[in-house]
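One structure is given below, encoded as structure tokens.
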Amino acid sequence: MLNRRDLLKYTGITTIGAILPGFSTYAETHKNGAGTFRYCLNTSTIMAQKPGLLKMLDIASAAGYDGVELWITDIKEYLKNNAVDSLAKYIKDKNLVFENAISFTTWMVSDDAKRRQGLKDLEEEMKMLAALGCRRVAAPPSGVKKGDVIDFQKAGSYYREILDLGRKYGVMPQLEFWGASGTLYNLGQALAIAASANDPDARILPDVYHLFRGGSGFNGLKLVNGNAIEIIHINDYPASKPVNEQTDADRVYPGDGAAPLKEILTTLKAIGGTKVLSLELFNKTYWQQDALLVAKTGLEKVKKIVGEVVN
């Protein structure tokens, strides 16, 4: 939980501009090289080295990323002993855009009491993220039991509810699906929920590994309006292991596996809009290496594939 002083500091903040003047403009215009794509580091990629939140920001900046995806758990841990505004300033001073936050609230569960608690937790997170200049938060099916059959109309109404909450604080939830979740695991399901929400701000957060692991494939991306995808988790997967046996730990650097990344990026370019490519890995071998080296290597490999698509 955040302390009362920090909660009071940003309760009532409804726009990012109220916290960081000019941030929104910066986020829209700061692009590294390719134009269509921005480069982002999800700190899961280097989390096991345990460098600490500020050092992870140092690493992302030094490696040359445009932005970061931070985990709510890391932010809350840091804010136990530090002020919100100092962290917001640190991110900005590192010339980074706080693109998205990784959250695990229970907004989608069928149990009403748990869902209401999830909404309260998410609102608290949105207040914090608004104060930090972050405009997005991941909305995966946290807490939903594996094998539960999704009622798309009901799930759509739940998603619309958190979109309404997001508009209040300027932090918009990105609907995320998990390939091995056994519940919301497929792009088609996510699109059905987003369509059922009937909301202009509905957004999908795809992930190369999850598209593979959940059996979505990649052609479905061609059916999506470009505005519906703002950020994608980019990674790769090996061809040497059966799909149903693969886990997050099997993810490898983009280009080092079997994913049709040139085809995926070509599709993302064709559907329009700027896309944030966020490197999200959980590879135990990489976790044993120097964190800056891992971050730099990942960015170089992403840029190489982008260069083959945009040139």
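Going by the structure tokens order, chains are called A, B, ..., each with residues numbered from 1, while ligands are numbered from 1 in the order shown.
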>> Please identify the strand (DSSP E or B) residues within segment 59-230 of chain A (assignment by DSSP from backbone atoms) and present them as a ChimeraX atom specification.
In response: /A:67-71,97-102,136-139,172-176,204-205,207
Can those selected residues be exported to a file as an mmCIF file, in the first residue's frame so that it contains C-alpha atoms?
data_model
loop_
_atom_site.group_PDB
_atom_site.id
_atom_site.type_symbol
_atom_site.label_atom_id
_atom_site.label_comp_id
_atom_site.auth_asym_id
_atom_site.auth_seq_id
_atom_site.Cartn_x
_atom_site.Cartn_y
_atom_site.Cartn_z
ATOM 1 C CA GLY A 67 10.665 3.718 -22.916
ATOM 2 C CA VAL A 68 10.021 1.168 -20.194
ATOM 3 C CA GLU A 69 7.359 -1.194 -18.955
ATOM 4 C CA LEU A 70 7.549 -1.363 -15.178
ATOM 5 C CA TRP A 71 5.963 -3.849 -12.796
ATOM 6 C CA VAL A 97 8.623 7.195 -21.608
ATOM 7 C CA PHE A 98 6.812 5.095 -19.020
ATOM 8 C CA GLU A 99 4.833 3.235 -21.685
ATOM 9 C CA ASN A 100 2.898 0.662 -19.671
ATOM 10 C CA ALA A 101 2.634 -0.949 -16.254
ATOM 11 C CA ILE A 102 2.362 -4.672 -15.551
ATOM 12 C CA ARG A 136 -1.421 2.512 -19.885
ATOM 13 C CA VAL A 137 -1.819 -0.481 -17.599
ATOM 14 C CA ALA A 138 -1.977 -4.162 -18.559
ATOM 15 C CA ALA A 139 -5.310 -5.882 -17.889
ATOM 16 C CA MET A 172 -6.036 3.135 -20.079
ATOM 17 C CA PRO A 173 -6.230 -0.641 -19.494
ATOM 18 C CA GLN A 174 -4.832 -2.784 -22.304
ATOM 19 C CA LEU A 175 -6.648 -6.138 -22.572
ATOM 20 C CA GLU A 176 -4.010 -8.870 -22.333
ATOM 21 C CA ILE A 204 -5.551 -5.280 -27.153
ATOM 22 C CA LEU A 205 -2.095 -6.068 -25.759
ATOM 23 C CA ASP A 207 2.502 -10.896 -27.145
#
> Contacts of Ile46 of chain A at 12 Å or less, counting only C-alpha atoms, minus same-chain residues fewer than 5 places along, as an MDAnalysis selection string?
Replying inline: chainID A and resid 41 51:53 55:57 59:60 68:71 279:298
> Can you tell me how far atom CA of Leu132 of chain A sits from atom CA of Ile234 of chain A, in Å to one decimal?
Replying inline: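 About the pair atom CA of Leu132 of chain A and atom CA of Ile234 of chain A: they are 24.0 Å apart.
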> Can you tell me, as a list in words, what residues are no more than 8 Å from Leu119 of chain A when counting only C-alpha atoms, ignoring any on the same chain fewer than 6 positions away?
Replying inline: Thr105, Thr106, Trp107 and Ile162 of chain A
> Closest to Gly272 of chain A among A:Tyr78, A:Thr36, A:Ser61, A:Ser196, using only C-alpha atoms?
Replying inline: A:Thr36
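Between atom CA of Pro140 of chain A and atom CA of Val306 of chain A the interatomic distance comes to 27.0 Å.
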> Which value, in Å to one decimal, gives the distance between atom CA of Tyr158 of chain A and atom CA of Gly217 of chain A?
Replying inline: 26.2 Å
>> For Gly215 of chain A, find every residue with an atom within 12 Å (counting only C-alpha atoms), except residues of its own chain fewer than 5 positions away, and show them as a list of chain:residue names.
In response: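 With the cut-off at 12 Å, the set is A:Phe177, A:Trp178, A:Gly179, A:Ala180, A:Ser181, A:Gly182, A:Leu184, A:Tyr185, A:Asn186, A:Leu187, A:Gly188, A:Gln189, A:Val208, A:Tyr209, A:His210, A:Gly220, A:Val243, A:Asn244.
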> Looking only at the backbone, which of the residues in segment 1-237 of chain A does DSSP tag as alpha helix (DSSP H), as JSON, numbers by chain?
Replying inline: {"A": [4, 5, 6, 7, 8, 9, 10, 23, 24, 25, 26, 27, 28, 29, 53, 54, 55, 56, 57, 58, 59, 60, 61, 62, 63, 72, 73, 74, 75, 76, 77, 78, 79, 84, 85, 86, 87, 88, 89, 90, 91, 92, 93, 112, 113, 114, 115, 116, 117, 118, 119, 120, 121, 122, 123, 124, 125, 126, 127, 128, 129, 130, 131, 152, 153, 154, 155, 156, 157, 158, 159, 160, 161, 162, 163, 164, 165, 166, 167, 168, 169, 187, 188, 189, 190, 191, 192, 193, 194, 195, 196, 197, 208, 209, 210, 211, 212, 213]}
Selection from above, C-alpha atoms, as a compact mmCIF listing (two decimals), in the first residue's frame, can you write it?
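Wrote result_39.txt, looks like this:
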# COMPACT_ATOMS: atom_id res chain seq x y z
CA ARG A 4 -1.32 8.47 2.92
CA ARG A 5 0.85 11.45 1.97
CA ASP A 6 1.49 10.09 -1.52
CA LEU A 7 -2.13 9.07 -2.02
CA LEU A 8 -3.30 12.55 -1.13
CA LYS A 9 -0.69 13.99 -3.44
CA TYR A 10 -2.27 12.54 -6.54
CA PHE A 23 4.67 14.52 -21.20
CA SER A 24 1.89 13.48 -23.57
CA THR A 25 3.43 15.41 -26.43
CA TYR A 26 6.80 13.89 -25.68
CA ALA A 27 5.36 10.39 -25.60
CA GLU A 28 3.76 10.85 -28.99
CA THR A 29 6.77 12.40 -30.72
CA LEU A 53 14.10 -0.01 -9.86
CA LEU A 54 16.33 3.02 -10.43
CA LYS A 55 19.16 0.90 -11.80
CA MET A 56 16.73 -0.78 -14.21
CA LEU A 57 15.81 2.68 -15.47
CA ASP A 58 19.53 3.51 -15.80
CA ILE A 59 20.03 0.33 -17.82
CA ALA A 60 17.08 1.00 -20.15
CA SER A 61 18.35 4.51 -20.80
CA ALA A 62 21.98 3.47 -21.29
CA ALA A 63 20.98 0.66 -23.65
CA ILE A 72 3.51 -2.52 -10.22
CA THR A 73 5.16 -4.65 -7.53
CA ASP A 74 8.54 -2.99 -8.13
CA ILE A 75 7.02 0.48 -8.09
CA LYS A 76 5.14 -0.09 -4.83
CA GLU A 77 8.24 -1.50 -3.20
CA TYR A 78 10.23 1.58 -4.20
CA LEU A 79 7.51 3.97 -3.04
CA VAL A 84 6.12 9.61 -6.20
CA ASP A 85 7.29 12.88 -7.66
CA SER A 86 10.97 11.95 -7.28
CA LEU A 87 10.42 8.74 -9.26
CA ALA A 88 8.46 10.60 -11.93
CA LYS A 89 11.32 13.07 -12.27
CA TYR A 90 13.90 10.28 -12.42
CA ILE A 91 12.09 8.59 -15.30
CA LYS A 92 11.78 11.86 -17.19
CA ASP A 93 15.41 12.82 -16.55
CA ASP A 112 -18.32 -10.17 -7.16
CA ALA A 113 -16.47 -9.47 -3.91
CA LYS A 114 -13.09 -10.35 -5.44
CA ARG A 115 -13.85 -8.34 -8.56
CA ARG A 116 -14.83 -5.27 -6.53
CA GLN A 117 -11.61 -5.56 -4.58
CA GLY A 118 -9.77 -5.84 -7.88
CA LEU A 119 -11.40 -2.63 -9.07
CA LYS A 120 -10.33 -0.83 -5.90
CA ASP A 121 -6.79 -2.10 -6.32
CA LEU A 122 -6.75 -1.06 -9.96
CA GLU A 123 -8.00 2.42 -9.15
CA GLU A 124 -5.24 2.86 -6.59
CA GLU A 125 -2.72 1.74 -9.20
CA MET A 126 -4.14 4.13 -11.79
CA LYS A 127 -3.76 7.07 -9.41
CA MET A 128 -0.15 6.12 -8.83
CA LEU A 129 0.55 5.59 -12.54
CA ALA A 130 -1.02 8.92 -13.49
CA ALA A 131 1.33 10.61 -11.05
CA PHE A 152 -17.93 -12.63 -23.55
CA GLN A 153 -20.79 -10.20 -22.92
CA LYS A 154 -20.16 -10.20 -19.19
CA ALA A 155 -16.38 -9.95 -19.64
CA GLY A 156 -16.97 -7.10 -22.09
CA SER A 157 -19.02 -5.24 -19.50
CA TYR A 158 -16.25 -5.76 -16.93
CA TYR A 159 -13.68 -4.45 -19.39
CA ARG A 160 -15.86 -1.40 -20.16
CA GLU A 161 -16.03 -0.73 -16.42
CA ILE A 162 -12.26 -0.51 -16.10
CA LEU A 163 -12.05 1.58 -19.27
CA ASP A 164 -14.40 4.06 -17.58
CA LEU A 165 -12.09 4.00 -14.59
CA GLY A 166 -9.09 4.53 -16.84
CA ARG A 167 -10.60 7.63 -18.41
CA LYS A 168 -10.97 9.11 -14.95
CA TYR A 169 -7.21 9.05 -14.45
CA LEU A 187 -6.52 -13.41 -29.73
CA GLY A 188 -10.03 -14.28 -30.91
CA GLN A 189 -11.30 -14.33 -27.34
CA ALA A 190 -9.67 -10.99 -26.57
CA LEU A 191 -11.21 -9.44 -29.68
CA ALA A 192 -14.63 -10.79 -28.69
CA ILE A 193 -14.34 -9.21 -25.24
CA ALA A 194 -13.11 -5.91 -26.69
CA ALA A 195 -15.97 -5.88 -29.20
CA SER A 196 -18.49 -6.71 -26.47
CA ALA A 197 -17.23 -3.75 -24.45
CA VAL A 208 4.42 -12.94 -29.74
CA TYR A 209 4.93 -15.83 -27.31
CA HIS A 210 1.30 -15.83 -26.17
CA LEU A 211 0.02 -15.70 -29.76
CA PHE A 212 2.06 -18.85 -30.37
CA ARG A 213 1.40 -20.59 -27.05
> What lies within 10 Å of segment 307-309 of chain A using only C-alpha atoms, ignoring chain neighbours under 2 positions off, as a list of chain:residue names?
Replying inline: A:Gly33, A:Ala34, A:Leu261, A:Lys262, A:Glu263, A:Ile264, A:Leu265, A:Thr266, A:Thr267, A:Lys269, A:Lys301, A:Val302, A:Lys303, A:Lys304, A:Ile305, A:Asn311
Output N, CA and C atoms for every residue in the selection just made, as a PDB file, in the first residue's frame.
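Output file out.pdb is given in full below:
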ATOM      1  N   GLY A  33      14.333   6.237 -34.481  1.00  0.00           N
ATOM      2  CA  GLY A  33      14.739   5.715 -35.779  1.00  0.00           C
ATOM      3  C   GLY A  33      13.624   5.363 -36.729  1.00  0.00           C
ATOM      4  N   ALA A  34      12.910   4.275 -36.471  1.00  0.00           N
ATOM      5  CA  ALA A  34      12.058   3.700 -37.501  1.00  0.00           C
ATOM      6  C   ALA A  34      10.751   4.442 -37.728  1.00  0.00           C
ATOM      7  N   LEU A 261       8.781 -13.094 -37.250  1.00  0.00           N
ATOM      8  CA  LEU A 261       8.769 -11.716 -36.759  1.00  0.00           C
ATOM      9  C   LEU A 261       8.698 -10.677 -37.875  1.00  0.00           C
ATOM     10  N   LYS A 262       9.352 -10.951 -39.011  1.00  0.00           N
ATOM     11  CA  LYS A 262       9.254 -10.004 -40.123  1.00  0.00           C
ATOM     12  C   LYS A 262       7.810  -9.892 -40.602  1.00  0.00           C
ATOM     13  N   GLU A 263       7.122 -11.022 -40.670  1.00  0.00           N
ATOM     14  CA  GLU A 263       5.719 -11.027 -41.070  1.00  0.00           C
ATOM     15  C   GLU A 263       4.871 -10.278 -40.049  1.00  0.00           C
ATOM     16  N   ILE A 264       5.126 -10.501 -38.762  1.00  0.00           N
ATOM     17  CA  ILE A 264       4.362  -9.836 -37.698  1.00  0.00           C
ATOM     18  C   ILE A 264       4.557  -8.333 -37.757  1.00  0.00           C
ATOM     19  N   LEU A 265       5.804  -7.884 -37.868  1.00  0.00           N
ATOM     20  CA  LEU A 265       6.081  -6.446 -37.899  1.00  0.00           C
ATOM     21  C   LEU A 265       5.564  -5.812 -39.189  1.00  0.00           C
ATOM     22  N   THR A 266       5.615  -6.546 -40.285  1.00  0.00           N
ATOM     23  CA  THR A 266       5.045  -6.040 -41.537  1.00  0.00           C
ATOM     24  C   THR A 266       3.541  -5.812 -41.377  1.00  0.00           C
ATOM     25  N   THR A 267       2.867  -6.741 -40.715  1.00  0.00           N
ATOM     26  CA  THR A 267       1.431  -6.591 -40.460  1.00  0.00           C
ATOM     27  C   THR A 267       1.168  -5.398 -39.553  1.00  0.00           C
ATOM     28  N   LYS A 269       2.938  -2.771 -39.170  1.00  0.00           N
ATOM     29  CA  LYS A 269       3.195  -1.554 -39.938  1.00  0.00           C
ATOM     30  C   LYS A 269       2.025  -1.261 -40.877  1.00  0.00           C
ATOM     31  N   LYS A 301      18.824  -6.790 -31.501  1.00  0.00           N
ATOM     32  CA  LYS A 301      18.137  -7.819 -32.270  1.00  0.00           C
ATOM     33  C   LYS A 301      16.761  -7.346 -32.740  1.00  0.00           C
ATOM     34  N   VAL A 302      16.063  -6.592 -31.908  1.00  0.00           N
ATOM     35  CA  VAL A 302      14.772  -6.035 -32.335  1.00  0.00           C
ATOM     36  C   VAL A 302      14.979  -5.050 -33.475  1.00  0.00           C
ATOM     37  N   LYS A 303      15.947  -4.164 -33.338  1.00  0.00           N
ATOM     38  CA  LYS A 303      16.204  -3.162 -34.368  1.00  0.00           C
ATOM     39  C   LYS A 303      16.611  -3.803 -35.693  1.00  0.00           C
ATOM     40  N   LYS A 304      17.348  -4.894 -35.621  1.00  0.00           N
ATOM     41  CA  LYS A 304      17.757  -5.568 -36.850  1.00  0.00           C
ATOM     42  C   LYS A 304      16.542  -6.032 -37.645  1.00  0.00           C
ATOM     43  N   ILE A 305      15.573  -6.631 -36.947  1.00  0.00           N
ATOM     44  CA  ILE A 305      14.366  -7.107 -37.640  1.00  0.00           C
ATOM     45  C   ILE A 305      13.532  -5.946 -38.141  1.00  0.00           C
ATOM     46  N   ASN A 311      12.902  -0.779 -44.172  1.00  0.00           N
ATOM     47  CA  ASN A 311      13.816  -0.287 -45.227  1.00  0.00           C
ATOM     48  C   ASN A 311      13.482  -0.859 -46.601  1.00  0.00           C
TER      49      ASN A 311
END
>> At a cut-off of 6 Å, using only C-alpha atoms, what residues contact Val144 of chain A? Leave out same-chain residues fewer than 2 positions from it and give the result as a PyMOL selection string.
In response: chain A and resi 109+141-142
Atoms kept (N, CA and C atoms) for selection, written as a compact mmCIF listing (two decimals), in the first residue's frame:
# COMPACT_ATOMS: atom_id res chain seq x y z
N VAL A 109 -12.66 -11.48 -12.63
CA VAL A 109 -13.18 -12.69 -11.99
C VAL A 109 -14.70 -12.60 -11.84
N PRO A 141 -6.14 -11.62 -17.43
CA PRO A 141 -7.20 -12.33 -16.70
C PRO A 141 -6.73 -12.85 -15.35
N SER A 142 -6.13 -12.02 -14.55
CA SER A 142 -5.60 -12.45 -13.26
C SER A 142 -6.72 -12.97 -12.36
>> With distances taken over only C-alpha atoms, which residue among A:Gly255, A:Pro260, A:Pro206, A:Pro238 lies nearest Val276 of chain A?
In response: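 Among the listed residues, the smallest separation from Val276 of chain A belongs to A:Pro206.
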